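Remarks on the structure that follows.
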Amino acid sequence: MASCSAPVPICQRYVARAPAMRRGPLPEALARSARRSSGSRDRRTVIVLGVATKPAETKSKKDAAKGGEAKGETLSPDVARDLYYDMYLGREFEEMCAQMYYRGKMFGFVHLYSGQEAVSTGAIRLLRPDDYVCSTYRDHVHALSKGVPAREVMAELFGKQTGVCRGQGGSMHMFSRKHNFLGGFAFIGEGIPVGLGAAFQTKYRREALQDESADQVTLSFFGDGTCNNGQFYECLNMAGLYKLPHIFMVENNKWAIGMYHDRATGPSFGDNVPNIYKKGEPFGMPGIHVDGMDVVKVREAVATAVARARRGDGPTLIECETYRFRGHSLADPDELRTKEEKERYAKRDPIPAFRKYVLDNKILMEAELKDIEQQVVECVEDSVQFAEASPKPEKGQLLENVFADPRGFGTAPDGGYRYEQAGFTSGTAQVS
Amino acid sequence: MLRLASIKRGWAAPGWEACASGWLPWARRLAASGVAEGGEGDPLGGAGEGRATKRLSLLKAINEALYIALERNDRAYVFGEDVSFGGVFRCTDGLASRFGHHRVFNTPLTEQGIVGFGIGMASMGMQPIAEIQFADYIFPAFDQIVNEGSKYRYRSGGHFNSGGLTIRAPCGAVGHGGHYHSQSPESFFTHVPGMVVVVPSSPADAKGLLLACIERKDPALFLEPKILYRSSVGDVPEGHYTVPLSKAHVVRRGSDITLVGWGAQLHVLTKAAQEVSEKDGISCEVIDLRTLLPWDAACVEASVNKTGRLLVSHEAPLTAGFGAEIAARVSARCFSRLEAPPARVCGMDTPFPLVYETLYLPTALRVAEAVRSTVNF
């Protein structure tokens, strides 16, 4: 076990240090939400299937706390704090990863999520702990949003025993049974069928085993490049056919390493650009296109899809238009994307945008935001210290978990690990 | 750290291989070990006679081979993921600008599609050279390769064939690749009748073998050890030449034991051979198999008949690795000559690990110890 366990982990979800601020009486809140949906915001969202943007009735605080804000209603301060904390944590964590990588503390192929935080935060923070998330190789921030402690993620990146997968998987393979985080896949599209399986067992429990409480949803994240892969289409069909409570979250950042999306994907019939969201309807589910740089819009879109899935109405395909500020991985020189494109998207950075939103709408104050940022910085620094101080995995761990027997099949006749036997490194690698 | 230092020296340009802990010193030793040249006999089978040579790395040699292939046949094409800007390892650098994007083009991210599409092109008489970005990703294409590509000629009675197809994929451990950027899947494909499977170990071999694969009228899988891309440098003859397929090369002559390997592992075997020769006076014969299917059994058998002992080494896991085939055949054919059971020093029977790579791989130390215990059997 780790020799450096602090009594209480610092990086729990944001802990309010000041009393919760309530902003304004009810009528003002309604007026604000009316102003919001009147078009004063960016018009980049195109919604295919009737997601209303009219201000709805005010919901009870309980509903709001569950993430079910009505369309057009302003976020509550608690939710806003949570969203800001999560996005800021994602950004700081990834920037720290880059630093650690260039210092040689972290190795292997590391793919950073900087710029796409609005998608992870907007989608995952409204899920329940018992909902499932399936990710890709760009999974650090998905894991953090789902609740995996930053310490464990950082330790995993450093390849230490205290990592979330005991140092076994590294950057691309974050898994957590406790947080229902199904991984971490180096292979594109490989996680989507896994997500379907999780969604299926939910539906089975509900319908075949008559368990009314089985209404968990599964979110699978993947990129624009994956949408040309056979597995994606097979899964769309199965999810639509079986009406699984599964949400396909496409993080369209326009680039698959060096292949620009428009040059790798054909346009839908009658269009001149590819539209991934249109691929939902042929398979029997709504396809939603949303501005992935706007956390509030992502949250709204996912809330609709989650409600639909929980009701048992089946899957949804959500295409989030987003952008990664860094290269595909830390080893990618990122020479192909133009400066103009990068600057254009940098102006749409989701974190300053959300900051402005909460300040303008007087949901949170500057001091609270600064406080959150400070907490995040402390959390990330603590996670680095924890990871550095953690021990490396034992040699015997190499042979564990190959089969169901956790001690692996590399045990010697006397019951100990083979590596403990004299002459372990001699002769062949036979394990018998 | 190591990475920044290497960039400052300009030796490893930013790229997939330019990161992390510990492989750089090893790779530099590989380059210095000089296995690419100075072996016994001529690995090129006379192909380099009287030609000028250039000092090239493995990836530049492959780049030249592709260049020559595209020049010689205007129905040759190179495609795969990210190839048009040069590829993630820069093997296809400059091809798109020279030959045009209609001949050197990117495909969407679909390995099954890439290979299936290649089989279709080959059946129409073209020469598609498909790149799979990492050999670990070849498994979606496994169905197309095994069920379609390799059986096309056989089941159509000769009407059609996918002989023009060559699939290139970087394989092997690289120091930090983890589960899905380090695998050696050659043994899955050596089990497929109808395929040709080739693994080069030096730049001169790579260029000639790749051209031979492209020109061979059978579907070929060319696995390139990615750690050798920049670290293996040697003299490569200019212009077009081919290295004979199904001919192994004896890299080092010896009399006590035959060591058989391919790709990057060959350099490990050479290092081990050097060590046991200096410390224990054991004389090892080292054979680079080069073509795994169909493999040069005659060469290995002749060598074992001379030495009486065999050791096969590969990075892929031990059980049912290609070493098993070699050991089985040699045991059958050289039974009475053998003085010790054939030894196999291979990767462990676990998924390719991330942090325990050095523990998992068949290092020179393990090979040397196996050599000693076999010789002293």
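By order in the structure tokens, chains are A, B, ...; within a chain, residues start at 1; ligands start at 1, following the order shown.
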Set the distance at 9 Å and use only C-alpha atoms: which residues neighbour Val268 of chain B once local chain neighbours fewer than 5 positions away are removed? I'd like the list as a ChimeraX atom specification. /B:30,261,273,362-364,367
Could you dump the residues just selected with N, CA, C and O atoms as a PDB file, in the first residue's frame?
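Result file out.pdb:
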ATOM      1  N   LEU B  30      22.554   0.036 -30.145  1.00  0.00           N
ATOM      2  CA  LEU B  30      22.161  -0.735 -31.321  1.00  0.00           C
ATOM      3  C   LEU B  30      22.869  -0.199 -32.548  1.00  0.00           C
ATOM      4  O   LEU B  30      23.412  -0.941 -33.351  1.00  0.00           O
ATOM      5  N   GLY B 261      16.864 -15.253 -34.774  1.00  0.00           N
ATOM      6  CA  GLY B 261      15.993 -14.133 -34.408  1.00  0.00           C
ATOM      7  C   GLY B 261      15.668 -13.318 -35.638  1.00  0.00           C
ATOM      8  O   GLY B 261      16.052 -13.666 -36.752  1.00  0.00           O
ATOM      9  N   ALA B 273      25.635 -12.802 -27.991  1.00  0.00           N
ATOM     10  CA  ALA B 273      26.669 -13.653 -28.585  1.00  0.00           C
ATOM     11  C   ALA B 273      28.055 -13.100 -28.285  1.00  0.00           C
ATOM     12  O   ALA B 273      28.987 -13.837 -27.945  1.00  0.00           O
ATOM     13  N   PRO B 362      12.784 -10.216 -23.706  1.00  0.00           N
ATOM     14  CA  PRO B 362      13.932 -11.130 -23.665  1.00  0.00           C
ATOM     15  C   PRO B 362      15.220 -10.338 -23.885  1.00  0.00           C
ATOM     16  O   PRO B 362      15.661 -10.122 -24.999  1.00  0.00           O
ATOM     17  N   THR B 363      15.814  -9.918 -22.795  1.00  0.00           N
ATOM     18  CA  THR B 363      17.004  -9.073 -22.883  1.00  0.00           C
ATOM     19  C   THR B 363      18.247  -9.898 -23.183  1.00  0.00           C
ATOM     20  O   THR B 363      18.224 -11.134 -23.088  1.00  0.00           O
ATOM     21  N   ALA B 364      19.329  -9.209 -23.477  1.00  0.00           N
ATOM     22  CA  ALA B 364      20.581  -9.900 -23.786  1.00  0.00           C
ATOM     23  C   ALA B 364      21.033 -10.745 -22.591  1.00  0.00           C
ATOM     24  O   ALA B 364      21.632 -11.809 -22.746  1.00  0.00           O
ATOM     25  N   VAL B 367      19.117 -13.963 -22.679  1.00  0.00           N
ATOM     26  CA  VAL B 367      19.591 -14.793 -23.783  1.00  0.00           C
ATOM     27  C   VAL B 367      20.929 -15.415 -23.420  1.00  0.00           C
ATOM     28  O   VAL B 367      21.144 -16.623 -23.616  1.00  0.00           O
TER      29      VAL B 367
END
What are the residues of chain A lining chain B at 9 Å or less? Count only C-alpha atoms, and put the answer as a PyMOL selection string. chain A and resi 101-109+159-160+167-170+186-188+225-230+256-259+261+263-265+329-333+336+392-393+395+397-400+402+425-431
Do you have the atom CA of Tyr345 of chain A-atom CA of Asn361 of chain A distance handy? 23.5 Å
Please identify all polymer residues within 12 Å of His102 of chain B, counting only C-alpha atoms, omitting same-chain residues fewer than 2 positions from it, and present them as an MDAnalysis selection string. chainID B and resid 74:79 84 95:100 104:107
Keeping only N, CA and C atoms, write those residues as a CSV table (one decimal), in the first residue's frame.
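Result saved to selection-v9.csv:
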chain,number,residue,atom,x,y,z
B,74,ASP,N,3.3,2.8,-62.3
B,74,ASP,CA,2.3,3.9,-62.1
B,74,ASP,C,1.0,3.4,-61.6
B,75,ARG,N,0.9,2.1,-61.4
B,75,ARG,CA,-0.4,1.6,-60.7
B,75,ARG,C,-0.1,1.2,-59.3
B,76,ALA,N,1.0,1.7,-58.7
B,76,ALA,CA,1.3,1.5,-57.3
B,76,ALA,C,0.8,2.7,-56.5
B,77,TYR,N,0.3,2.4,-55.3
B,77,TYR,CA,-0.3,3.4,-54.5
B,77,TYR,C,0.1,3.2,-53.1
B,78,VAL,N,0.2,4.3,-52.3
B,78,VAL,CA,0.5,4.2,-50.9
B,78,VAL,C,-0.6,4.9,-50.2
B,79,PHE,N,-1.2,4.2,-49.2
B,79,PHE,CA,-2.3,4.8,-48.5
B,79,PHE,C,-2.4,4.3,-47.1
B,84,SER,N,-0.1,11.0,-45.9
B,84,SER,CA,0.2,12.0,-46.9
B,84,SER,C,1.1,13.2,-46.4
B,95,LEU,N,6.4,11.7,-50.4
B,95,LEU,CA,5.9,10.9,-51.5
B,95,LEU,C,4.7,11.6,-52.1
B,96,ALA,N,3.8,12.2,-51.3
B,96,ALA,CA,2.6,12.8,-51.8
B,96,ALA,C,3.0,14.0,-52.7
B,97,SER,N,4.0,14.8,-52.3
B,97,SER,CA,4.3,15.9,-53.1
B,97,SER,C,4.9,15.5,-54.4
B,98,ARG,N,5.6,14.3,-54.4
B,98,ARG,CA,6.3,13.9,-55.7
B,98,ARG,C,5.3,13.2,-56.6
B,99,PHE,N,4.4,12.3,-56.0
B,99,PHE,CA,3.6,11.5,-56.9
B,99,PHE,C,2.1,11.9,-56.9
B,100,GLY,N,1.8,12.9,-56.1
B,100,GLY,CA,0.4,13.4,-56.1
B,100,GLY,C,-0.5,12.7,-55.1
B,104,VAL,N,-0.9,8.9,-53.4
B,104,VAL,CA,-0.4,8.8,-52.0
B,104,VAL,C,-1.5,9.5,-51.2
B,105,PHE,N,-2.3,8.8,-50.5
B,105,PHE,CA,-3.5,9.5,-49.9
B,105,PHE,C,-3.8,8.9,-48.5
B,106,ASN,N,-4.5,9.7,-47.7
B,106,ASN,CA,-4.9,9.3,-46.4
B,106,ASN,C,-6.2,8.6,-46.5
B,107,THR,N,-6.4,7.6,-45.7
B,107,THR,CA,-7.7,7.0,-45.6
B,107,THR,C,-8.3,7.4,-44.2
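The shortest atom-to-atom distance to Val375 of chain B, with only C-alpha atoms taken into account, belongs to B:Ile257 out of B:Val300, B:Ile257, B:Val330, B:Ala316.
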Name the residues in contact with Glu95 of chain A at a cut-off of 10 Å, using only C-alpha atoms, excluding same-chain residues fewer than 6 positions from it; report them as a PyMOL selection string. chain A and resi 89+101+112-114+326+380
When DSSP is applied to the backbone of this structure, which of segment 304-343 of chain B are assigned strand (DSSP E)? Write them out as a PyMOL selection string. chain B and resi 310-317+343
Generate the output file for the selected residues, N, CA and C atoms, as a PDB file, in the first residue's frame.
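Final output, saved to out_15.pdb:
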ATOM      1  N   LEU B 310      20.116 -25.174 -30.537  1.00  0.00           N
ATOM      2  CA  LEU B 310      19.292 -24.111 -31.096  1.00  0.00           C
ATOM      3  C   LEU B 310      18.720 -23.247 -29.990  1.00  0.00           C
ATOM      4  N   LEU B 311      18.703 -21.944 -30.240  1.00  0.00           N
ATOM      5  CA  LEU B 311      17.988 -21.023 -29.353  1.00  0.00           C
ATOM      6  C   LEU B 311      17.265 -20.019 -30.243  1.00  0.00           C
ATOM      7  N   VAL B 312      15.976 -19.884 -30.038  1.00  0.00           N
ATOM      8  CA  VAL B 312      15.194 -18.908 -30.791  1.00  0.00           C
ATOM      9  C   VAL B 312      14.749 -17.820 -29.839  1.00  0.00           C
ATOM     10  N   SER B 313      14.751 -16.581 -30.319  1.00  0.00           N
ATOM     11  CA  SER B 313      14.355 -15.495 -29.430  1.00  0.00           C
ATOM     12  C   SER B 313      13.471 -14.499 -30.165  1.00  0.00           C
ATOM     13  N   HIS B 314      12.366 -14.129 -29.537  1.00  0.00           N
ATOM     14  CA  HIS B 314      11.504 -13.090 -30.115  1.00  0.00           C
ATOM     15  C   HIS B 314      10.794 -12.338 -29.004  1.00  0.00           C
ATOM     16  N   GLU B 315      10.352 -11.119 -29.325  1.00  0.00           N
ATOM     17  CA  GLU B 315       9.683 -10.279 -28.328  1.00  0.00           C
ATOM     18  C   GLU B 315       8.273 -10.749 -28.030  1.00  0.00           C
ATOM     19  N   ALA B 316       7.653 -11.396 -28.993  1.00  0.00           N
ATOM     20  CA  ALA B 316       6.257 -11.809 -28.824  1.00  0.00           C
ATOM     21  C   ALA B 316       6.187 -12.847 -27.704  1.00  0.00           C
ATOM     22  N   PRO B 317       5.018 -13.011 -27.093  1.00  0.00           N
ATOM     23  CA  PRO B 317       4.921 -13.979 -25.998  1.00  0.00           C
ATOM     24  C   PRO B 317       5.349 -15.383 -26.406  1.00  0.00           C
ATOM     25  N   ALA B 343      15.993 -24.123 -27.133  1.00  0.00           N
ATOM     26  CA  ALA B 343      15.572 -23.150 -26.125  1.00  0.00           C
ATOM     27  C   ALA B 343      14.840 -21.996 -26.797  1.00  0.00           C
TER      28      ALA B 343
END
Grab the atom CA of Asp360 of chain A to atom CA of Arg344 of chain A distance for me, in Å with one decimal place. 22.7 Å
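One finds atom CA of His101 of chain B at 27.3 Å from atom CA of Glu148 of chain B.
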Per-residue DSSP, segment 79-145 of chain B, filtered to alpha helix (DSSP H), as a ChimeraX atom specification: /B:95-99,111-123,142-143
Write out as a short mmCIF file (atom, residue, chain, number, x, y, z; two decimals) with C-alpha atoms, in the first residue's frame the residues lying within 9 Å of segment 289-296 of chain A, counting only C-alpha atoms and excluding same-chain residues fewer than 6 positions away.
data_model
loop_
_atom_site.label_atom_id
_atom_site.label_comp_id
_atom_site.auth_asym_id
_atom_site.auth_seq_id
_atom_site.Cartn_x
_atom_site.Cartn_y
_atom_site.Cartn_z
CA ARG A 43 -25.84 31.24 -32.12
CA ARG A 44 -23.58 28.33 -32.87
CA THR A 45 -25.93 25.66 -31.64
CA VAL A 46 -27.99 23.86 -34.24
CA ILE A 47 -30.40 21.43 -32.74
CA VAL A 48 -32.01 18.91 -35.00
CA LEU A 75 -27.56 27.67 -13.21
CA LEU A 83 -18.78 23.19 -13.24
CA MET A 87 -13.28 22.65 -15.96
CA GLY A 115 -9.64 23.04 -24.79
CA GLN A 116 -12.32 20.37 -24.68
CA GLU A 117 -13.19 20.75 -20.99
CA ALA A 118 -16.69 22.00 -21.67
CA VAL A 119 -17.68 18.65 -23.12
CA SER A 120 -16.42 16.55 -20.25
CA THR A 121 -17.74 18.88 -17.57
CA GLY A 122 -21.00 19.64 -19.30
CA ALA A 123 -21.80 16.00 -19.89
CA GLU A 251 -16.06 15.12 -29.52
CA ASN A 252 -15.54 16.55 -32.97
CA ASN A 275 -22.40 16.16 -40.39
CA ILE A 276 -21.87 13.49 -37.82
CA TYR A 277 -25.05 14.31 -35.94
CA LYS A 278 -27.08 13.39 -39.00
CA LEU A 317 -26.16 10.85 -30.72
CA ILE A 318 -24.68 14.17 -29.64
CA GLU A 319 -22.01 15.84 -31.74
CA CYS A 320 -20.03 18.43 -29.79
CA GLU A 321 -18.03 20.80 -31.92
CA THR A 322 -14.88 21.39 -29.92
CA TYR A 323 -11.12 21.86 -30.32
CA TYR A 345 -10.72 28.56 -31.30
CA ARG A 348 -13.75 30.44 -27.75
CA ASP A 349 -11.88 28.97 -24.80
CA PRO A 350 -14.63 27.47 -22.64
CA ILE A 351 -13.19 28.45 -19.30
CA ALA A 353 -16.33 32.04 -21.50
CA PHE A 354 -17.96 30.34 -18.54
#
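Distances from A:Tyr233, A:Tyr88, A:Tyr137, A:Tyr242 to Cys379 of chain A were compared using only C-alpha atoms, and the smallest one belongs to A:Tyr88.
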Spatial neighbours of Cys213 of chain B, max dist 8 Å, only C-alpha atoms, sep filter under 6 positions, as a VMD selection string: chain B and resid 166 196 220 to 222 245
